Amino acid sequence: MPGLIGRKVGMTSIYSAEGKATPCTVIEAGPCVVTQLKTQDRDGYEAVQLGFGERKDSRTPNALKGHFKKANTTPKQTVVEFKGFEGLSLGDVVSVDIFSEGEFVGVAGTSKGKGFQGVVKRHGFGGVGQSTHGQHNRLRAPGSIGAASYPARVFKGMRMAGQMGNKRVLIENLEVLKVLADKNLIVVKGSIPGAKGSTVLIER
Amino acid sequence: MDIIRELQNELVEVKNFPNFKSGDTITVSYKIKEGAKERIQQFQGVVLQRRGNGATETFTVRKMSGNIGVERIFPISSPFVDQIVVNKKGAVRRARIFYFRERTGKSARIKEKRSFSVAK
């Protein structure tokens, strides 16, 4: 899927002509530079590697410097491969105008980290719901995690407490409300994962 | 944040409403749609709060309709909000005067701020 790398700017509202307020997210997307072309002959698959965001020269390993020099561009912060682009060559610039208003895109990002959370917050368990009738410090406990001597183990994928958030989340079918090519901005309907300023991928 | 603000200026029509804050008595003229027809209705009451900023800012107006309190929340940038007239400047100390909801009768009055030219 063709796509772009961007940065989440924040959320706001847009009012339609009928006066309806639509919550929307502003993403600063691109311009991305083609830093590498993956080909069937060489790599076994077709893809385009895009780079986004500036990176200090002094903070770039020499190996990467050479990689970006091949594409005749400055070192980039993020590089991501996309499939489905056609007719691009090394060093080409892809900008936000590959998207048009009204189409639907998916946005992937790293969700906000919530730390180690219990089952009530992480999986929406109900908890005990009672603080009397013999309950003692079990208010948010998960309850039973399985049967006894058969199967004599806990099934894989059992929902338990653990790290919540800070993982890749893809939200699909977000409508593109506005594309501002001169400012490299794209406005999508609804919310997207991650904090303000975090890197996101927009794909068609 | 600046990008958002810039974008809001571009996408949302900036209206020239008079300054008002919590405690003020204002009249909001807003358009309502009935089928294909559009008409303007007025809502007069005391501003309880203003919240948010930019295009997402809203304000809450409370009025007594007979014996029943009615509150309406208006988005300040909504194209349906046609006009705002400040009838009275109230002298309150808080930005959000939710305590006003519990007041009835004589205590449900707000002192008027003097030295202010009332728009009629």
# chains A, B, ... in the order shown; residues from 1 in each chain; ligands from 1
>>> residues_around(residues="Gly23 of chain B", least_positions_apart="5", cutoff="10 Å", atoms="only C-alpha atoms", output="PyMOL selection string")
chain B and resi 45-49+61+88-97+100+109-113
>>> residues_around(residues="Val48 of chain A", least_positions_apart="3", cutoff="10 Å", atoms="only C-alpha atoms", output="ChimeraX atom specification")
/A:2,33-39,51,80-86,88-90
>>> select_by_dssp(residues="chain A", states="alpha helix (DSSP H)", output="NGL selection string")
:A and (40-43 or 62-70 or 119-123)
>>> atom_distance(atom1="atom CA of Ile68 of chain B", atom2="atom CA of Thr25 of chain B")
17.6 Å
>>> residues_around(residues="segment 166-172 of chain A", least_positions_apart="3", cutoff="8 Å", atoms="only C-alpha atoms", output="list in words")
Phe104, Val105, Gly106, Val107, Ala108, Gly109, Thr110, Ser111, Lys112, Gly113, Lys114, Ile192 and Pro193 of chain A
>>> interface_residues(of="chain A", to="chain B", cutoff="7 Å", atoms="only C-alpha atoms", output="list in words")
Gly10, Thr12, Ser13, Ile14, Tyr15 and Gly19 of chain A
>>> atom_distance(atom1="atom CA of Gly194 of chain A", atom2="atom CA of Leu50 of chain A")
20.8 Å
>>> select_by_dssp(residues="segment 24-179 of chain A", states="strand (DSSP E or B)", output="PyMOL selection string")
chain A and resi 24-29+32-38+47-54+76-82+93-94+104-110+115-117+162-164+168-179
>>> atom_distance(atom1="atom CA of Ser107 of chain B", atom2="atom CA of Met64 of chain B")
13.9 Å
>>> residues_around(residues="segment 91-100 of chain A", least_positions_apart="4", cutoff="10 Å", atoms="only C-alpha atoms", output="VMD selection string")
chain A and resid 2 to 6 28 to 37 50 to 51 68 to 73 87 104 to 105 175 to 186 202 to 204
>>> write_last_selection(atoms="C-alpha atoms", output="tab-separated table (two decimals), in the first residue's frame")
chain	number	residue	atom	x	y	z
A	2	PRO	CA	1.39	3.41	-0.88
A	3	GLY	CA	1.77	5.64	2.11
A	4	LEU	CA	3.67	8.39	3.85
A	5	ILE	CA	5.54	8.94	7.08
A	6	GLY	CA	4.29	11.81	9.22
A	28	GLU	CA	2.24	16.74	9.24
A	29	ALA	CA	3.02	14.22	6.51
A	30	GLY	CA	6.03	14.22	4.28
A	31	PRO	CA	7.72	15.34	2.19
A	32	CYS	CA	9.39	11.94	2.11
A	33	VAL	CA	12.44	11.07	0.03
A	34	VAL	CA	12.89	7.76	-1.74
A	35	THR	CA	16.04	6.43	-0.09
A	36	GLN	CA	16.10	2.94	-1.57
A	37	LEU	CA	14.32	0.86	-4.19
A	50	LEU	CA	10.94	6.39	2.24
A	51	GLY	CA	12.79	8.66	4.64
A	68	PHE	CA	21.43	8.47	2.27
A	69	LYS	CA	24.19	9.83	0.06
A	70	LYS	CA	23.24	7.25	-2.57
A	71	ALA	CA	19.83	8.86	-2.76
A	72	ASN	CA	21.49	12.27	-2.84
A	73	THR	CA	19.72	13.49	0.29
A	87	GLY	CA	7.35	4.80	-11.23
A	104	PHE	CA	-10.14	6.52	3.35
A	105	VAL	CA	-6.72	5.85	4.85
A	175	GLU	CA	-11.70	9.68	6.13
A	176	VAL	CA	-9.37	12.32	4.74
A	177	LEU	CA	-11.10	15.65	5.39
A	178	LYS	CA	-8.48	18.06	4.10
A	179	VAL	CA	-5.18	17.94	2.29
A	180	LEU	CA	-3.07	21.10	2.52
A	181	ALA	CA	-0.25	20.40	0.11
A	182	ASP	CA	1.48	23.75	0.62
A	183	LYS	CA	1.86	23.11	4.36
A	184	ASN	CA	2.36	19.33	4.08
A	185	LEU	CA	-0.65	18.79	6.31
A	186	ILE	CA	-3.36	16.17	6.15
A	202	ILE	CA	-0.42	6.94	6.74
A	203	GLU	CA	-1.32	4.31	4.19
A	204	ARG	CA	-4.04	4.04	1.65
>>> residues_around(residues="Arg101 of chain B", least_positions_apart="3", cutoff="9 Å", atoms="only C-alpha atoms", output="VMD selection string")
chain B and resid 48 62 69 97 to 98 104 108
>>> residues_around(residues="Lys196 of chain A", least_positions_apart="2", cutoff="9 Å", atoms="only C-alpha atoms", output="mmCIF file with all heavy atoms, in the first residue's frame")
data_model
loop_
_atom_site.group_PDB
_atom_site.id
_atom_site.type_symbol
_atom_site.label_atom_id
_atom_site.label_comp_id
_atom_site.auth_asym_id
_atom_site.auth_seq_id
_atom_site.Cartn_x
_atom_site.Cartn_y
_atom_site.Cartn_z
ATOM 1 N N ARG A 7 4.011 13.066 11.210
ATOM 2 C CA ARG A 7 4.139 13.394 12.622
ATOM 3 C C ARG A 7 2.772 13.890 13.092
ATOM 4 O O ARG A 7 2.160 14.742 12.441
ATOM 5 C CB ARG A 7 5.184 14.501 12.779
ATOM 6 C CG ARG A 7 5.626 14.810 14.181
ATOM 7 C CD ARG A 7 6.718 15.872 14.128
ATOM 8 N NE ARG A 7 6.196 17.134 13.611
ATOM 9 C CZ ARG A 7 5.618 18.054 14.383
ATOM 10 N NH1 ARG A 7 5.493 17.867 15.656
ATOM 11 N NH2 ARG A 7 5.157 19.177 13.859
ATOM 12 N N LYS A 8 2.296 13.345 14.200
ATOM 13 C CA LYS A 8 0.999 13.775 14.713
ATOM 14 C C LYS A 8 1.134 15.181 15.295
ATOM 15 O O LYS A 8 2.001 15.429 16.130
ATOM 16 C CB LYS A 8 0.513 12.793 15.783
ATOM 17 C CG LYS A 8 -0.808 13.179 16.420
ATOM 18 C CD LYS A 8 -1.320 12.060 17.310
ATOM 19 C CE LYS A 8 -2.516 12.506 18.114
ATOM 20 N NZ LYS A 8 -3.039 11.416 18.951
ATOM 21 N N VAL A 9 0.285 16.087 14.851
ATOM 22 C CA VAL A 9 0.361 17.467 15.330
ATOM 23 C C VAL A 9 -0.608 17.674 16.483
ATOM 24 O O VAL A 9 -0.267 18.236 17.520
ATOM 25 C CB VAL A 9 0.064 18.452 14.195
ATOM 26 C CG1 VAL A 9 0.010 19.863 14.724
ATOM 27 C CG2 VAL A 9 1.112 18.352 13.116
ATOM 28 N N GLY A 10 -1.838 17.207 16.338
ATOM 29 C CA GLY A 10 -2.820 17.392 17.398
ATOM 30 C C GLY A 10 -4.217 17.289 16.855
ATOM 31 O O GLY A 10 -4.418 17.000 15.671
ATOM 32 N N MET A 11 -5.181 17.532 17.722
ATOM 33 C CA MET A 11 -6.577 17.388 17.317
ATOM 34 C C MET A 11 -7.300 18.722 17.364
ATOM 35 O O MET A 11 -6.918 19.626 18.089
ATOM 36 C CB MET A 11 -7.302 16.382 18.209
ATOM 37 C CG MET A 11 -6.827 14.962 18.009
ATOM 38 S SD MET A 11 -7.891 13.748 18.776
ATOM 39 C CE MET A 11 -9.347 13.820 17.726
ATOM 40 N N GLY A 194 -1.145 7.367 19.553
ATOM 41 C CA GLY A 194 0.103 8.043 19.866
ATOM 42 C C GLY A 194 -0.058 9.426 20.450
ATOM 43 O O GLY A 194 -1.137 10.010 20.460
ATOM 44 N N SER A 198 4.453 12.337 17.828
ATOM 45 C CA SER A 198 4.948 10.987 17.556
ATOM 46 C C SER A 198 4.852 10.691 16.058
ATOM 47 O O SER A 198 4.050 11.267 15.333
ATOM 48 C CB SER A 198 4.169 9.950 18.357
ATOM 49 O OG SER A 198 2.826 9.956 17.991
ATOM 50 N N THR A 199 5.700 9.762 15.622
ATOM 51 C CA THR A 199 5.759 9.412 14.207
ATOM 52 C C THR A 199 4.619 8.459 13.863
ATOM 53 O O THR A 199 4.360 7.506 14.589
ATOM 54 C CB THR A 199 7.105 8.753 13.901
ATOM 55 O OG1 THR A 199 8.135 9.625 14.329
ATOM 56 C CG2 THR A 199 7.255 8.485 12.423
#
>>> closest_residue(among="B:Arg114, B:Lys63, B:Arg39, B:Arg103", to="Thr27 of chain B", atoms="only C-alpha atoms")
B:Lys63
